[in-house]
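Colleague: Dumping the structure here so I can ask a few things about it.
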Amino acid sequence: MRWRHCVEKPFSIGFQKFGRFVGRHPWWFFICPLVISTALGTGFYYLEDMEANNIEDQFTPVNGPAKLERKFVEENFPLNNSVYSNQRLYTMGEFASFIAVSRDPNIFTDGAIKEILSLDKKVREIKLSRGHEQLTYEGLCARKSNKCIPNKILDIMNHYGSNIDQTELTFPFFRFGFTTIFLGYSVGGVNVSSTVIKSAKAIRLFYCLKEGNRSTTDLWLNEFLKVFPSNQSLNFITVTHSTSLSRQVEFEANTRDVIPLFSITYVIAIVFSIVSCLRFDCVRNKVWVATFGVLSAGLAVLSAFGMMLHIGVPFVMTVANSPFLILGIGVDDMFILISCWQQTNVHARVEDRLADTYKEAAISITITTLTDVLAFYIGLMTPFRSVQSFCLYTSTAILFCFLYSITFFGAFLVLNGRRENSNKHWLTCKEVPEDCPVGHSKWYDLCCVGGAYDRHTGAEEVQPMNHFFKKHYGPFLVKPWTKVCVILLYSVYLSISIYGCFQIQEGIDLRNLAADDSYVNRYYDDEKAYFYEYGPNIMVIIRGEFAYWEEKNMLDLESCVEDFKNLSFIEKDIFTSWLKSYKYYGYHTNLNLSVENVFKTNLSSFLRSYSDFKQDVNFTNNSIRASRFFIQTVNITTAIDEMNMLNNLRDTARRCSVPLLVYHPVFIYHDQYAVIVSNTVQNISVTTAVMLLISLLLIPNPLCCLWVTFSIASVIVGVTGFMALWDVNLDTISMIILVVCIGFSVDFSAHISYAFVSNKKPTANEKAVEALFHLGYPILQGALSTILGVIVLSASKNYIFRTFFKIMFLVIFFGLFHGITFIPVFLTFFDFFSSNSGNVSPQEKRALENEAMTNCQLKNIQEKAIDHDKQIYDNHTFLPDNQQLFPTQACPSVWTLTVNTHPTQSGQMCMASTVPMFRVDSQTYEVQMYTASNDAVTVNCNQNLGAGEHHCVIGNNQPPVSQECNAPFINCSDSADPVP
């Protein structure tokens, strides 16, 4: 265990010295964080400029394959606004759209058609001014043959009028005049008999705008949204609408949903903290301590966010989740510090109390901070900018939270401790009596009397919840039948979790980026319900120069085309290819296209005749640099369908001997499927390895480090499985929290494991109970505070915030159960490996047995000694140093109590180390208690002394009086009742 002392002991001593320094200069450490927070908080002035909520930029992989494919398409197939073609766009385009859904079974009725045509007219008549310029749809629309791109279904309606329900409309293609119209995107919810539409439920119209003039088109699109009245004014149809801007605008509007929620959360955190720290003792009450603990977390958020905004780190909407998380972490550290403070001696100087507090809490709060911060910094490896921004803001806030906990909050503990030392009321700050005067009521005793403490230990009185963990929950948990139930419960938990892991779905549904009640979601619902059959029209691009005229190459290309058509989600009969049309053109004009010169010479005239195909061939300097054809997908309805479509298309293109790539603008968003799992696994693996390393350095038992690692894996499996069963996908949002999950699972398991191996109880069950006694309640408080910190997010209308709540709830809930139920039970099974209880020699075993017998024999004597010492302490009268009680001998600074005992059968003699002693400070005349808990007492017993020789020496690290006692020291506290 030497390595333990190389890290843990110097670390604790360093914190102890720092705590004493803070205790001596509390006002500096109280005021400086306030000044720093105010200065850094000015960074919020740049918040509006630093907002970066572009969906594509933040929620798609930085270097996703589709972005490289788009760049290739943009370079080789530039847009031609005079010959607009929606399927040939390399972006999603600028458009407005509405879906009309019939209230009757069939939308092709006279009443429904009239209402649709009326809405179409209102859209085309939209006019708005920008300076002296009039903006109309006719002036902004995308054009082909110098006309706005029409909605062909409206041409059909206008042509047939009220007789349309008697017309045999074929689906998906309808021959109208001399052209064939594809109705798959325009008519939805169709009931077809032999390709003839018997009824249809919905009609969708598009209004496409010219590319490249974003500021103007945005104005028109915003005006478009004002056209649609409520459904009550329409008798035959209901209407949903959307634009190319709507998703982005609605996503940015979600930040307004968070501000009131954070205010509610902050109030809840303060109330919970105050209630948790409430004491009936009007002096020891920790109301102000709890309030300033929550304030400390708030200052950390203010400082961290302000600093990041000053530096220029983009502020993404996902970062708005961070304050809820930081509030829980800060309050958790507060509870740990308060718990350690309450175990210090109330009569010690406040700087010494804070020093002891920091010494005890150093490992716990440092493990918490290190694990959480490193987990977030590892999250920076992800290729999603939204994740990177969240991790930067949150990790920085956690660091500030840690710094303010040991400065600002620690300083306030000192100031509050000075008030308690003066026995002043927590509210009025007036001194109150320690004991209730005779004749006063119980209410007076409750409100105006305070300053009680444990007379045995000199520490504050143990709270009822700590007694609950020691007297009830701990003993109940270590019963054999309870352990069996815990193992069965864990088996059920693990089984359900593993099952859920196989149900997980990947990727974020873009509709979830808008609020639940957004008009965009209603449009997406109708689109999914009635227009699911035909999916995106995919570009298949032939890269680089390719000899199209060579027969072998043509056979290879046709083989690849057949591979695409054979995919289950591809419609074989819908295929658009310039090469196929060119061959048809060459056949009818008697051209031998297998000759290179003939192929190239006639290609230009062909492309001039077919303007659409001209956009599909990059024919430059008599060389074909690239070309493309199109295939139609069908029945792409779920995220799994989208993932399988993308993977299968790319795999098919990769297998082809012809250099191909596939592209559609929506692939930019589907790329998350290709990296989300691998990046999540990578982040979790690296984070787990780092957490194990930290645990090995700071937790004094390698076996417990393995249990911490086990806890990490167990909690991750549980969270992943149950989030799938709770309808949460594996996406950029959940990936963040899965990384956070590691940090929190370490917090819970590390606290309880460290407490387990650190205490000196002789049996594993007693160690478990003692660990729960000291840390069970603080862990429970920390878990509840974190859950309360995020619980209001469950009421959010936004998917991102609700998802954050769901996963954080699972993380904390499962982490809590591991910390106070599973891990304590499992540690009792494997404690025989630990250094404290394992490898016990027969001589040591006999010594422990004899020691226990001695303790039993000395019980009555010890109790009398304790009572005697308490009486000395309660009735003492101390004089200044210049008053000598014994002129011939200086009064010792350490008062000792010596008790002669009877030897055991083996000749061993010792006295219980729990007998309290005290010393008097020669300058301040303060009394400081000494117990075995701070190693102030040593007991030395000579095993070779005779029955009449009683040489037991008690003192404060003083050399033994008897030089005959050369036997090793016997620790009597292992068998004695612990000091609470």
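Residues are named by chain letter and number: chains run A, B, ... in the order of the structure tokens, numbers start at 1 in each chain, and ligands are numbered from 1 in the order shown.
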Which of segment 522-753 of chain A counts as strand (DSSP E) under DSSP, as a PyMOL selection string please?
Modeller: chain A and resi 534-542+570-577+617-620+623-634+660-663
Colleague: For the helix (DSSP H, G or I) assignment from backbone DSSP, which residues of segment 236-305 of chain A qualify? Please present them as a ChimeraX atom specification.
Modeller: /A:246-253,255-276,287-305
Colleague: Leaving out Ala52 of chain A and any residue of its chain fewer than 4 positions from it, which residues lie within 8 Å of it when counting only C-alpha atoms, given as a list in words?
Modeller: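 Everything that qualifies: Gln58, Pro314, Phe315, Val316 and Met317 of chain A.
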Colleague: Please provide the set of residues having any atom within 10 Å of segment 633-635 of chain A, restricted to only C-alpha atoms, with same-chain residues fewer than 4 positions apart removed, written as a list of chain:residue names.
Modeller: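 The filter keeps A:Phe531, A:Tyr532, A:Glu533, A:Tyr534, A:Gly535, A:Pro536, A:Asn537, A:Ile538, A:Lys565, A:Leu567, A:Ser568, A:Phe569, A:Ile570, A:Glu571, A:Lys572, A:Ile574, A:Asp641, A:Glu642, A:Met645.
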Colleague: Which of these, A:His818, A:Arg279, A:Lys424, A:Lys767, has the shortest distance to Ser711 of chain A once you count only C-alpha atoms?
Modeller: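 Closest to Ser711 of chain A, using only C-alpha atoms: A:His818.
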Colleague: Do you know which residues are at most 12 Å from Leu209 of chain A counting only C-alpha atoms, after dropping those on the same chain fewer than 5 positions away, and could you put them as an NGL selection string?
Modeller: :A and (81-82 or 84-86 or 92-97 or 136-144 or 147-150 or 214 or 216-221 or 243-244)
Colleague: Need the shell around segment 288-303 of chain A: protein/DNA/RNA residues with any atom at most 9 Å away, counting only C-alpha atoms. Skip same-chain ones fewer than 6 positions apart. Format as a ChimeraX atom specification?
Modeller: /A:33-34,36-41,43-44,266,269-278,322-323,326-331,333-335,338,393-394,396-405,408-409,412-413,416,426-427
Colleague: What does the distance between atom CA of Gly544 of chain A and atom CA of Trp578 of chain A come to in Å, to one decimal place?
Modeller: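 According to the coordinates, atom CA of Gly544 of chain A and atom CA of Trp578 of chain A are separated by 16.6 Å.
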Colleague: Counting only C-alpha atoms, which residue out of A:Leu89, A:Val462, A:Ile791, A:Ala639 sits closest to Arg511 of chain A?
Modeller: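 Ranking A:Leu89, A:Val462, A:Ile791, A:Ala639 by distance to Arg511 of chain A, first place goes to A:Ala639.
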Colleague: For each of A:Asn729, A:Ser194, A:Val757, A:Ser186, take the minimum atom-to-atom distance to Ile504 of chain A, counting only C-alpha atoms, then give the residue where this is smallest.
Modeller: A:Asn729
Colleague: Sorted by chain and rising residue number, list the residues of segment 22-114 of chain A at most 8 Å from segment 340-361 of chain A (counting only C-alpha atoms), each with its closest atom pair and distance in Å to one decimal, as JSON lines.
Modeller:
{"residue": "A:Val22", "atom": "CA", "partner": "A:Glu351", "partner_atom": "CA", "distance": 7.3}
{"residue": "A:Gly23", "atom": "CA", "partner": "A:Glu351", "partner_atom": "CA", "distance": 4.0}
{"residue": "A:Arg24", "atom": "CA", "partner": "A:Glu351", "partner_atom": "CA", "distance": 5.8}
Colleague: Just to be explicit: take each residue in the selection above, keep C-alpha atoms, and write the result as a compact mmCIF listing (two decimals), in the first residue's frame.
Modeller:
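The resulting file, part.txt, is shown below:
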# COMPACT_ATOMS: atom_id res chain seq x y z
CA VAL A 22 -8.69 29.54 3.87
CA GLY A 23 -9.88 29.36 7.46
CA ARG A 24 -7.47 32.09 8.49
